[in-house]
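The structure file my_file-v3.txt is reproduced below (compact mmCIF, C-alpha atoms).
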```txt
# COMPACT_ATOMS: atom_id res chain seq x y z
CA MET A 1 0.00 0.00 0.00
CA LEU A 2 2.85 2.34 0.92
CA LYS A 3 4.56 1.85 -2.43
CA ASP A 4 2.49 4.73 -3.81
CA LEU A 5 3.62 6.94 -0.94
CA PRO A 6 7.43 6.80 -1.06
CA SER A 7 8.00 9.79 1.26
CA LEU A 8 5.61 8.38 3.81
CA GLU A 9 7.18 4.94 3.45
CA GLN A 10 10.59 6.46 4.20
CA LEU A 11 9.14 8.21 7.25
CA ILE A 12 7.67 4.94 8.55
CA LYS A 13 11.04 3.25 8.00
CA VAL A 14 13.02 5.75 10.08
CA LEU A 15 10.36 5.70 12.79
CA GLN A 16 10.62 1.91 12.93
CA GLN A 17 14.21 2.31 14.10
CA VAL A 18 13.26 4.44 17.09
CA PRO A 19 13.21 2.23 20.19
CA TYR A 20 10.03 1.89 22.27
CA LEU A 21 7.74 2.89 19.44
CA ALA A 22 5.48 -0.15 19.17
CA SER A 23 5.04 -1.18 15.53
CA LYS A 24 1.25 -1.01 15.90
CA ASN A 25 1.58 2.70 16.70
CA ILE A 26 4.06 3.63 13.97
CA TYR A 27 1.41 4.73 11.47
CA ARG A 28 -0.26 6.88 14.07
CA VAL A 29 3.03 8.55 15.00
CA GLY A 30 3.72 9.07 11.28
CA SER A 31 0.36 10.81 10.93
CA TYR A 32 1.17 12.92 14.00
CA PHE A 33 4.27 14.32 12.30
CA LEU A 34 2.45 14.90 9.00
CA GLN A 35 -0.29 16.80 10.82
CA LEU A 36 2.11 19.01 12.79
CA ASP A 37 2.49 22.62 11.62
CA GLN A 38 5.46 23.13 9.35
CA ALA A 39 6.98 25.49 11.94
CA LYS A 40 6.54 23.02 14.77
CA LEU A 41 8.09 20.21 12.76
CA GLU A 42 11.07 22.40 11.90
CA HIS A 43 11.35 23.28 15.60
CA PHE A 44 11.33 19.57 16.45
CA CYS A 45 14.21 18.95 14.02
CA GLU A 46 16.16 21.94 15.33
CA ILE A 47 15.81 20.71 18.92
CA LEU A 48 17.03 17.26 17.88
CA LEU A 49 20.09 18.61 16.08
CA GLU A 50 20.87 21.14 18.78
CA ALA A 51 20.73 18.49 21.51
CA LYS A 52 22.96 16.27 19.38
CA SER A 53 25.55 19.03 18.99
CA LYS A 54 25.46 20.27 22.59
CA VAL A 55 25.01 17.17 24.72
CA ILE A 56 28.07 14.94 25.08
CA PRO A 57 29.21 12.32 27.57
CA CYS A 58 31.36 13.55 30.48
CA ALA A 59 34.90 12.28 29.92
CA ARG A 60 35.12 11.16 33.55
CA CYS A 61 31.75 9.63 34.51
CA TYR A 62 30.11 9.26 31.07
CA THR A 63 26.80 10.84 32.10
CA TRP A 64 25.43 13.43 29.66
CA ARG A 65 26.69 16.97 30.00
CA GLU A 66 26.34 20.12 27.89
CA THR A 67 29.37 21.31 25.94
CA ASP A 68 29.26 24.75 27.58
CA ARG A 69 28.93 23.54 31.17
CA ASP A 70 30.80 21.20 33.48
CA CYS A 71 29.28 17.84 34.38
CA THR A 72 26.60 18.40 37.05
CA PHE A 73 27.94 15.58 39.20
CA CYS A 74 31.71 15.74 38.76
CA SER A 75 31.77 19.50 39.38
CA SER A 76 29.42 19.47 42.39
CA ILE A 77 31.06 20.32 45.69
CA LYS A 78 28.01 19.04 47.55
CA ARG A 79 28.34 15.47 46.30
CA ASP A 80 30.46 12.78 47.91
CA GLN A 81 33.40 12.44 45.50
CA LYS A 82 34.49 9.11 46.99
CA THR A 83 31.34 7.09 46.29
CA VAL A 84 30.52 5.98 42.74
CA CYS A 85 27.28 4.36 41.62
CA VAL A 86 27.83 2.25 38.48
CA ILE A 87 24.85 2.16 36.12
CA GLU A 88 24.15 0.76 32.68
CA SER A 89 22.89 3.93 31.08
CA TRP A 90 21.68 7.44 31.71
CA GLN A 91 18.07 6.37 32.24
CA GLU A 92 18.99 4.57 35.47
CA LEU A 93 20.59 7.77 36.71
CA ILE A 94 17.23 9.54 36.37
CA ALA A 95 15.56 6.77 38.38
CA ILE A 96 18.16 7.07 41.16
CA GLU A 97 18.19 10.89 41.20
CA LYS A 98 14.40 10.90 41.53
CA THR A 99 14.69 9.14 44.89
CA GLY A 100 16.70 12.06 46.29
CA GLY A 101 18.52 9.47 48.37
CA TYR A 102 21.92 9.43 46.68
CA GLN A 103 24.59 12.10 46.94
CA GLY A 104 27.61 10.42 45.36
CA LEU A 105 28.95 10.30 41.80
CA TYR A 106 28.03 8.06 38.90
CA HIS A 107 29.76 5.96 36.27
CA VAL A 108 27.79 5.04 33.14
CA LEU A 109 28.94 1.73 31.63
CA GLY A 110 27.15 2.22 28.31
CA GLY A 111 25.51 -1.21 28.46
CA VAL A 112 26.13 -4.64 29.91
CA ILE A 113 28.37 -7.53 28.92
CA CYS A 114 26.36 -9.63 26.46
CA PRO A 115 28.38 -12.08 24.34
CA LEU A 116 25.27 -12.93 22.26
CA ASP A 117 25.08 -9.31 21.12
CA GLY A 118 28.87 -9.19 20.73
CA ILE A 119 29.32 -6.78 23.66
CA GLY A 120 32.41 -7.58 25.72
CA PRO A 121 34.04 -5.74 28.65
CA ASP A 122 36.15 -3.64 26.25
CA ASP A 123 33.02 -2.17 24.64
CA LEU A 124 32.00 -0.69 27.99
CA THR A 125 33.68 1.87 30.23
CA ILE A 126 34.84 -0.77 32.74
CA GLN A 127 38.57 -0.05 32.30
CA ALA A 128 37.90 3.65 32.86
CA LEU A 129 36.06 2.74 36.07
CA ILE A 130 39.04 0.72 37.37
CA GLU A 131 41.33 3.64 36.55
CA ARG A 132 39.00 6.03 38.42
CA VAL A 133 39.10 3.80 41.48
CA ASP A 134 42.90 3.92 41.53
CA LYS A 135 43.27 7.58 40.62
CA GLU A 136 40.47 9.16 42.62
CA GLY A 137 40.75 7.06 45.77
CA ILE A 138 37.15 5.87 45.58
CA LYS A 139 35.91 4.43 48.90
CA GLU A 140 32.69 2.75 47.76
CA ILE A 141 31.42 1.37 44.47
CA ILE A 142 27.67 0.67 44.27
CA LEU A 143 26.86 -1.75 41.46
CA ALA A 144 23.37 -0.78 40.31
CA MET A 145 22.93 -2.84 37.16
CA ASN A 146 19.46 -4.01 36.17
CA GLN A 147 18.34 -7.36 37.58
CA THR A 148 18.88 -9.30 34.37
CA PRO A 149 21.27 -12.22 33.73
CA GLU A 150 23.52 -9.84 31.74
CA GLY A 151 23.35 -7.24 34.50
CA GLU A 152 24.34 -9.81 37.12
CA ALA A 153 27.16 -11.16 34.94
CA THR A 154 28.48 -7.62 34.48
CA MET A 155 28.36 -7.01 38.24
CA ALA A 156 30.26 -10.27 38.81
CA TYR A 157 32.90 -9.24 36.25
CA ILE A 158 33.41 -5.79 37.79
CA GLY A 159 33.42 -7.36 41.26
CA ARG A 160 36.29 -9.64 40.23
CA LYS A 161 38.21 -6.74 38.69
CA LEU A 162 37.92 -4.76 41.92
CA ARG A 163 39.00 -7.64 44.14
CA GLY A 164 42.04 -6.83 46.30
CA LYS A 165 41.49 -3.11 46.12
CA GLU A 166 40.79 -1.22 49.32
CA LEU A 167 37.17 -0.21 48.91
CA VAL A 168 33.64 -1.32 49.67
CA VAL A 169 31.75 -2.89 46.74
CA SER A 170 27.99 -3.03 47.29
CA CYS A 171 24.92 -3.73 45.20
CA LEU A 172 21.23 -2.73 45.41
CA ALA A 173 19.05 -4.63 47.87
CA ARG A 174 16.77 -7.21 46.29
CA GLY A 175 13.37 -8.02 47.73
CA ILE A 176 9.66 -7.30 47.74
CA PRO A 177 8.80 -3.98 46.03
CA VAL A 178 7.17 -1.43 48.35
CA GLY A 179 3.37 -1.52 48.25
CA SER A 180 3.07 -4.95 46.67
CA HIS A 181 1.37 -8.15 47.83
CA LEU A 182 3.48 -11.23 48.51
CA GLU A 183 1.10 -13.45 46.53
CA SER A 184 1.56 -11.43 43.34
CA ILE A 185 5.39 -11.47 43.40
CA ASP A 186 7.32 -14.09 41.42
CA ARG A 187 8.80 -17.07 43.26
CA LEU A 188 12.43 -16.08 42.75
CA THR A 189 11.96 -12.60 44.21
CA VAL A 190 10.22 -14.03 47.30
CA TYR A 191 13.07 -16.54 47.63
CA LYS A 192 15.69 -13.74 47.41
CA ALA A 193 13.73 -11.65 49.91
CA LEU A 194 13.70 -14.57 52.31
CA SER A 195 17.31 -15.61 51.91
CA GLU A 196 18.56 -12.02 52.00
CA ARG A 197 16.30 -11.05 54.95
CA ARG A 198 17.49 -8.34 57.30
CA PRO A 199 17.15 -7.65 61.02
CA PHE A 200 13.86 -5.82 61.75
CA MET B 1 18.25 17.24 37.39
CA LEU B 2 17.62 18.31 33.79
CA LYS B 3 18.01 22.00 34.65
CA ASP B 4 21.75 21.64 34.06
CA LEU B 5 21.09 20.10 30.64
CA PRO B 6 18.89 22.67 28.86
CA SER B 7 19.31 21.18 25.36
CA LEU B 8 18.49 17.71 26.63
CA GLU B 9 15.55 19.08 28.60
CA GLN B 10 14.20 20.69 25.41
CA LEU B 11 14.61 17.38 23.59
CA ILE B 12 12.70 15.53 26.32
CA LYS B 13 9.94 18.15 26.12
CA VAL B 14 9.37 17.77 22.38
CA LEU B 15 9.50 13.99 22.67
CA GLN B 16 6.84 14.14 25.39
CA GLN B 17 4.45 15.55 22.80
CA VAL B 18 4.86 12.60 20.44
CA PRO B 19 1.90 10.26 20.89
CA TYR B 20 2.43 6.63 21.91
CA LEU B 21 5.82 7.29 23.45
CA ALA B 22 5.31 6.13 27.03
CA SER B 23 6.74 8.65 29.50
CA LYS B 24 8.83 5.93 31.13
CA ASN B 25 10.64 5.41 27.82
CA ILE B 26 11.19 9.09 26.95
CA TYR B 27 14.69 9.25 28.46
CA ARG B 28 15.73 6.13 26.61
CA VAL B 29 14.44 7.50 23.31
CA GLY B 30 16.24 10.78 24.04
CA SER B 31 19.48 8.84 24.57
CA TYR B 32 18.84 6.97 21.32
CA PHE B 33 18.80 10.23 19.36
CA LEU B 34 21.90 11.56 21.16
CA GLN B 35 23.78 8.36 20.36
CA LEU B 36 22.81 8.34 16.66
CA ASP B 37 25.53 9.38 14.18
CA GLN B 38 25.31 13.03 13.20
CA ALA B 39 24.66 11.96 9.58
CA LYS B 40 21.87 9.58 10.57
CA LEU B 41 20.20 12.18 12.74
CA GLU B 42 20.34 14.70 9.89
CA HIS B 43 18.87 12.05 7.59
CA PHE B 44 16.06 11.48 10.10
CA CYS B 45 15.23 15.19 10.09
CA GLU B 46 15.39 15.39 6.29
CA ILE B 47 12.99 12.46 5.97
CA LEU B 48 10.58 14.11 8.40
CA LEU B 49 10.61 17.43 6.56
CA GLU B 50 10.42 15.81 3.13
CA ALA B 51 7.42 13.72 4.14
CA LYS B 52 5.78 16.84 5.56
CA SER B 53 6.28 18.74 2.30
CA LYS B 54 5.29 15.90 -0.05
CA VAL B 55 2.48 14.06 1.69
CA ILE B 56 -0.89 15.82 1.69
CA PRO B 57 -4.49 14.73 2.14
CA CYS B 58 -6.41 13.87 -1.04
CA ALA B 59 -8.98 16.62 -1.63
CA ARG B 60 -11.67 14.01 -2.33
CA CYS B 61 -11.21 11.15 0.14
CA TYR B 62 -8.74 12.73 2.63
CA THR B 63 -6.36 9.75 2.66
CA TRP B 64 -2.68 10.66 2.36
CA ARG B 65 -1.30 11.13 -1.13
CA GLU B 66 2.01 12.43 -2.51
CA THR B 67 2.03 15.84 -4.17
CA ASP B 68 3.47 14.43 -7.41
CA ARG B 69 1.05 11.51 -7.75
CA ASP B 70 -2.71 11.02 -7.83
CA CYS B 71 -4.43 9.44 -4.84
CA THR B 72 -3.91 5.66 -5.00
CA PHE B 73 -7.57 4.97 -4.37
CA CYS B 74 -9.41 7.72 -6.21
CA SER B 75 -7.33 7.19 -9.38
CA SER B 76 -7.56 3.39 -9.40
CA ILE B 77 -9.63 1.91 -12.21
CA LYS B 78 -9.62 -1.46 -10.42
CA ARG B 79 -11.47 -0.21 -7.36
CA ASP B 80 -15.24 0.01 -7.00
CA GLN B 81 -15.92 3.76 -7.23
CA LYS B 82 -19.44 3.42 -5.84
CA THR B 83 -18.58 1.96 -2.44
CA VAL B 84 -17.03 4.15 0.25
CA CYS B 85 -15.65 2.96 3.57
CA VAL B 86 -15.73 5.76 6.17
CA ILE B 87 -12.88 5.64 8.69
CA GLU B 88 -11.64 7.84 11.50
CA SER B 89 -8.05 8.19 10.35
CA TRP B 90 -5.42 6.84 8.01
CA GLN B 91 -4.31 4.11 10.42
CA GLU B 92 -7.64 2.30 10.05
CA LEU B 93 -7.12 2.30 6.28
CA ILE B 94 -3.89 0.35 6.77
CA ALA B 95 -5.73 -2.21 8.92
CA ILE B 96 -8.44 -2.65 6.27
CA GLU B 97 -6.03 -2.76 3.30
CA LYS B 98 -3.99 -5.47 5.06
CA THR B 99 -7.00 -7.78 4.91
CA GLY B 100 -6.97 -7.63 1.09
CA GLY B 101 -10.76 -7.96 1.35
CA TYR B 102 -11.87 -4.48 0.33
CA GLN B 103 -11.82 -3.01 -3.16
CA GLY B 104 -13.83 0.18 -2.74
CA LEU B 105 -12.86 3.75 -1.89
CA TYR B 106 -12.32 5.43 1.45
CA HIS B 107 -13.32 8.59 3.25
CA VAL B 108 -11.20 9.74 6.19
CA LEU B 109 -13.22 11.71 8.77
CA GLY B 110 -10.21 13.07 10.61
CA GLY B 111 -11.53 12.00 14.01
CA VAL B 112 -14.84 11.37 15.75
CA ILE B 113 -17.47 13.65 17.25
CA CYS B 114 -16.40 14.28 20.82
CA PRO B 115 -18.06 17.27 22.56
CA LEU B 116 -15.78 16.88 25.59
CA ASP B 117 -12.77 17.53 23.37
CA GLY B 118 -14.66 20.26 21.53
CA ILE B 119 -14.87 18.26 18.29
CA GLY B 120 -18.20 18.71 16.52
CA PRO B 121 -19.42 17.47 13.11
CA ASP B 122 -18.07 20.61 11.41
CA ASP B 123 -14.52 19.78 12.52
CA LEU B 124 -14.67 16.52 10.55
CA THR B 125 -15.14 15.85 6.82
CA ILE B 126 -18.77 14.74 7.25
CA GLN B 127 -20.22 17.49 5.02
CA ALA B 128 -17.74 16.52 2.28
CA LEU B 129 -18.90 12.91 2.62
CA ILE B 130 -22.56 13.89 2.16
CA GLU B 131 -21.58 15.92 -0.92
CA ARG B 132 -19.66 12.94 -2.31
CA VAL B 133 -22.72 10.73 -1.90
CA ASP B 134 -24.83 13.14 -3.94
CA LYS B 135 -22.23 13.98 -6.57
CA GLU B 136 -20.64 10.59 -7.18
CA GLY B 137 -23.75 8.41 -6.98
CA ILE B 138 -22.34 6.28 -4.15
CA LYS B 139 -24.24 2.97 -3.74
CA GLU B 140 -22.88 1.81 -0.39
CA ILE B 141 -21.38 3.53 2.63
CA ILE B 142 -19.59 1.29 5.13
CA LEU B 143 -19.25 2.97 8.53
CA ALA B 144 -16.03 1.58 10.00
CA MET B 145 -15.52 3.73 13.07
CA ASN B 146 -13.77 2.27 16.09
CA GLN B 147 -16.02 0.55 18.65
CA THR B 148 -15.94 3.41 21.16
CA PRO B 149 -18.85 5.51 22.45
CA GLU B 150 -17.60 8.41 20.30
CA GLY B 151 -17.23 6.13 17.28
CA GLU B 152 -20.79 4.85 17.69
CA ALA B 153 -22.15 8.37 18.18
CA THR B 154 -20.41 9.48 14.98
CA MET B 155 -21.85 6.52 13.08
CA ALA B 156 -25.32 7.40 14.40
CA TYR B 157 -24.86 11.03 13.31
CA ILE B 158 -23.74 10.11 9.80
CA GLY B 159 -26.51 7.50 9.58
CA ARG B 160 -29.09 10.21 10.30
CA LYS B 161 -27.55 12.56 7.73
CA LEU B 162 -27.76 9.84 5.06
CA ARG B 163 -31.37 8.92 5.83
CA GLY B 164 -33.67 9.23 2.84
CA LYS B 165 -30.87 8.89 0.29
CA GLU B 166 -30.90 5.94 -2.07
CA LEU B 167 -27.94 3.94 -0.85
CA VAL B 168 -27.02 1.10 1.49
CA VAL B 169 -25.46 2.12 4.81
CA SER B 170 -23.68 -0.71 6.59
CA CYS B 171 -21.29 -1.10 9.50
CA LEU B 172 -18.67 -3.66 10.51
CA ALA B 173 -19.87 -6.92 12.07
CA ARG B 174 -19.42 -7.14 15.84
CA GLY B 175 -18.72 -10.41 17.58
CA ILE B 176 -16.15 -12.84 18.85
CA PRO B 177 -12.64 -12.18 17.45
CA VAL B 178 -11.24 -15.03 15.37
CA GLY B 179 -9.07 -17.43 17.38
CA SER B 180 -10.30 -16.34 20.79
CA HIS B 181 -11.97 -18.24 23.63
CA LEU B 182 -15.50 -17.32 24.66
CA GLU B 183 -14.58 -17.31 28.34
CA SER B 184 -11.93 -14.65 27.87
CA ILE B 185 -14.18 -12.22 25.96
CA ASP B 186 -15.94 -9.40 27.79
CA ARG B 187 -19.66 -9.76 28.55
CA LEU B 188 -20.85 -7.03 26.20
CA THR B 189 -19.08 -8.55 23.19
CA VAL B 190 -20.56 -11.99 23.90
CA TYR B 191 -23.98 -10.33 24.24
CA LYS B 192 -23.57 -8.55 20.89
CA ALA B 193 -22.35 -11.77 19.25
CA LEU B 194 -25.45 -13.55 20.54
CA SER B 195 -27.99 -10.88 19.69
CA GLU B 196 -26.45 -10.23 16.27
CA ARG B 197 -25.98 -13.96 15.48
CA ARG B 198 -26.15 -15.05 11.84
CA PRO B 199 -27.37 -18.15 10.00
CA PHE B 200 -24.66 -20.86 9.96
```
Please re-express this file's structure in structure tokens.
Amino acid sequence: MLKDLPSLEQLIKVLQQVPYLASKNIYRVGSYFLQLDQAKLEHFCEILLEAKSKVIPCARCYTWRETDRDCTFCSSIKRDQKTVCVIESWQELIAIEKTGGYQGLYHVLGGVICPLDGIGPDDLTIQALIERVDKEGIKEIILAMNQTPEGEATMAYIGRKLRGKELVVSCLARGIPVGSHLESIDRLTVYKALSERRPF
Amino acid sequence: MLKDLPSLEQLIKVLQQVPYLASKNIYRVGSYFLQLDQAKLEHFCEILLEAKSKVIPCARCYTWRETDRDCTFCSSIKRDQKTVCVIESWQELIAIEKTGGYQGLYHVLGGVICPLDGIGPDDLTIQALIERVDKEGIKEIILAMNQTPEGEATMAYIGRKLRGKELVVSCLARGIPVGSHLESIDRLTVYKALSERRPF
């Protein structure tokens, strides 16, 4: 059907590459852009290109920073410069910052070790993390990978690399999510919550 | 947190306006665009702007057409020019064309009557549809609105407008979806399937 609409077909194709756009919604999103005012669409493109040119990864912690400003975290005098929370990507940083409960630095790995996808330790910023530990005298590393097999494997790898160094390596607590019912939680999570129980 | 990243904040804001991008995925989609090659991002913007400039609604049936080609449907000699399927938007056309079971024309309303959203009959292409019926000698109108209260109200409105004209007005069959189990279908659908049962 789209063969008579080559420009629209092209649009659908580039939208299909955007993550988290469900294929069933692609046509609707395509229509959204076609129905936008010309000025608004141009504004959208300008914003995209401006963000691309101005937002870069911090050379130290790999979180996003703007070219004309220092990294929010690395340059903050209020934050604990000796504690580093290691995360897969910038999105996890947002989740942690929203809690308001963390005042240390970050280190973005840029993914997790996943041999099936051809991602090894050298494709991530693990070596840079080890160097930071030595150079900056880090006292605690919090491994905050996602709870996936790849996330756990990556934590194990980094844990091994840090062995013998004088610092605390911790990871996020696993257990029953706040506000949830025991009966609706999967077996493995209940098992972890039991076996990793804490004094009340 | 984003106040130190004004360009990224702007990007997140424009992405928040795109429909069907869940807010929990916005940051990930933002990162996707930042991580794209400069050339690919420019290509993305070019495609968007090109589609915007080349794809317009057909003046007769309001489906999308390219500026340098006739409307696929209106110009087709293979399609039945006397049957018109009325749909809310272009996405429904894709769903119907995928079946391969329809060979008539279309008429895109551009939405449904929804007083709460301030959308009345005059905001849609209903008047143009009535004029088409008179001018083109349409023999059948298929009302294929979505099965929502607004969709049904719009069908009722169009039905009333077409009363007294010499043509068949039909709507899509309601009932049990193919491949599904009776016990998992909602009560109202089972009721409709029963009350609108057909000879076997």
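For chain B, the residues having at least one atom no farther than 6 Å from chain A, when counting all atoms listed in the file, are B:Leu5, B:Ser7, B:Leu8, B:Leu11, B:Tyr27, B:Leu34, B:Cys45, B:Ile47, B:Ala51, B:Lys52, B:Glu66, B:Gln91.
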For Ile130 in chain B, the nearest of the candidates B:Lys165, B:Pro149, B:Gly104, B:Leu194, counting all atoms listed in the file: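 Using all atoms listed in the file, the shortest distance to Ile130 in chain B belongs to B:Lys165.
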Surrounding residues of range 176-182 of chain B excluding itself and chain neighbours under 6 positions, 9 Å, all atoms listed in the file, as an mmCIF file with C-alpha atoms, keeping the file's coordinate frame:
```cif
data_model
loop_
_atom_site.group_PDB
_atom_site.id
_atom_site.type_symbol
_atom_site.label_atom_id
_atom_site.label_comp_id
_atom_site.auth_asym_id
_atom_site.auth_seq_id
_atom_site.Cartn_x
_atom_site.Cartn_y
_atom_site.Cartn_z
ATOM 1 C CA THR B 189 -19.080 -8.550 23.190
ATOM 2 C CA VAL B 190 -20.560 -11.990 23.900
ATOM 3 C CA LYS B 192 -23.570 -8.550 20.890
ATOM 4 C CA ALA B 193 -22.350 -11.770 19.250
#
```
Point-to-point distance from CA of Tyr191 in chain B to CA of Leu162 in chain B, Å rounded to tenths: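 Interatomic distance here is 28.1 Å.
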Pairwise distance for CA of Leu172 in chain B and CA of Ala144 in chain B, rounded to one decimal in Å: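 So the two atoms, CA of Leu172 in chain B and CA of Ala144 in chain B, lie 5.9 Å apart.
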Separation of CA of Ile138 in chain B from CA of Lys78 in chain B, in Å and rounded to one decimal: 16.2 Å
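Near range 112-122 of chain A, within 7 Å and counting all atoms listed in the file, sit Glu88, Ile126, Glu150, Gly151 and Thr154 of chain A, not including residues fewer than 4 positions from it in the same chain.
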Contacts of range 60-62 of chain B at 8 Å (all atoms listed in the file; same-chain gap of 6+ positions) as a PDB file with C-alpha atoms, keeping the file's coordinate frame:
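Listed below is the output, out-v3.pdb:
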```pdb
ATOM      1  CA  CYS B  74      -9.410   7.720  -6.210  1.00  0.00           C
ATOM      2  CA  LEU B 105     -12.860   3.750  -1.890  1.00  0.00           C
ATOM      3  CA  TYR B 106     -12.320   5.430   1.450  1.00  0.00           C
ATOM      4  CA  HIS B 107     -13.320   8.590   3.250  1.00  0.00           C
ATOM      5  CA  VAL B 108     -11.200   9.740   6.190  1.00  0.00           C
ATOM      6  CA  LEU B 109     -13.220  11.710   8.770  1.00  0.00           C
TER       7      LEU B 109
END
```
Gly159 in chain A environment, 12 Å, all atoms listed in the file, sequence neighbours closer than 4 positions dropped, as a VMD selection string: chain A and resid 86 126 129 to 130 141 to 143 152 to 155 163 to 165 167 to 171
Around all listed atoms of range 169-176 of chain A, padded 4 Å per side, what centre and edge lengths does the axis-aligned box have in Å to one decimal, as JSON?
```
{"center_x": 20.7, "center_y": -5.4, "center_z": 46.5, "size_x": 30.1, "size_y": 13.3, "size_z": 10.7}
```
Top pick for closest residue to Glu140 in chain B, considering B:Ala39, B:Ile185, B:Cys85, B:Ala128 and counting all atoms listed in the file: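 Residue with the minimum atom-to-atom distance to Glu140 in chain B: B:Cys85.
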Would you output range 4-24 of chain A from that structure, restricted to C-alpha atoms, as a PDB file, in the first residue's frame?
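Result file decode.pdb:
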```pdb
ATOM      1  CA  ASP A   4       2.488   4.725  -3.815  1.00  0.00           C
ATOM      2  CA  LEU A   5       3.618   6.937  -0.940  1.00  0.00           C
ATOM      3  CA  PRO A   6       7.431   6.803  -1.061  1.00  0.00           C
ATOM      4  CA  SER A   7       8.001   9.785   1.256  1.00  0.00           C
ATOM      5  CA  LEU A   8       5.605   8.380   3.809  1.00  0.00           C
ATOM      6  CA  GLU A   9       7.180   4.936   3.451  1.00  0.00           C
ATOM      7  CA  GLN A  10      10.590   6.459   4.202  1.00  0.00           C
ATOM      8  CA  LEU A  11       9.144   8.213   7.248  1.00  0.00           C
ATOM      9  CA  ILE A  12       7.671   4.940   8.548  1.00  0.00           C
ATOM     10  CA  LYS A  13      11.043   3.248   8.001  1.00  0.00           C
ATOM     11  CA  VAL A  14      13.023   5.751  10.084  1.00  0.00           C
ATOM     12  CA  LEU A  15      10.362   5.701  12.791  1.00  0.00           C
ATOM     13  CA  GLN A  16      10.623   1.906  12.932  1.00  0.00           C
ATOM     14  CA  GLN A  17      14.208   2.311  14.098  1.00  0.00           C
ATOM     15  CA  VAL A  18      13.257   4.444  17.094  1.00  0.00           C
ATOM     16  CA  PRO A  19      13.207   2.230  20.192  1.00  0.00           C
ATOM     17  CA  TYR A  20      10.034   1.894  22.271  1.00  0.00           C
ATOM     18  CA  LEU A  21       7.739   2.891  19.445  1.00  0.00           C
ATOM     19  CA  ALA A  22       5.482  -0.149  19.166  1.00  0.00           C
ATOM     20  CA  SER A  23       5.043  -1.176  15.528  1.00  0.00           C
ATOM     21  CA  LYS A  24       1.253  -1.008  15.895  1.00  0.00           C
TER      22      LYS A  24
END
```
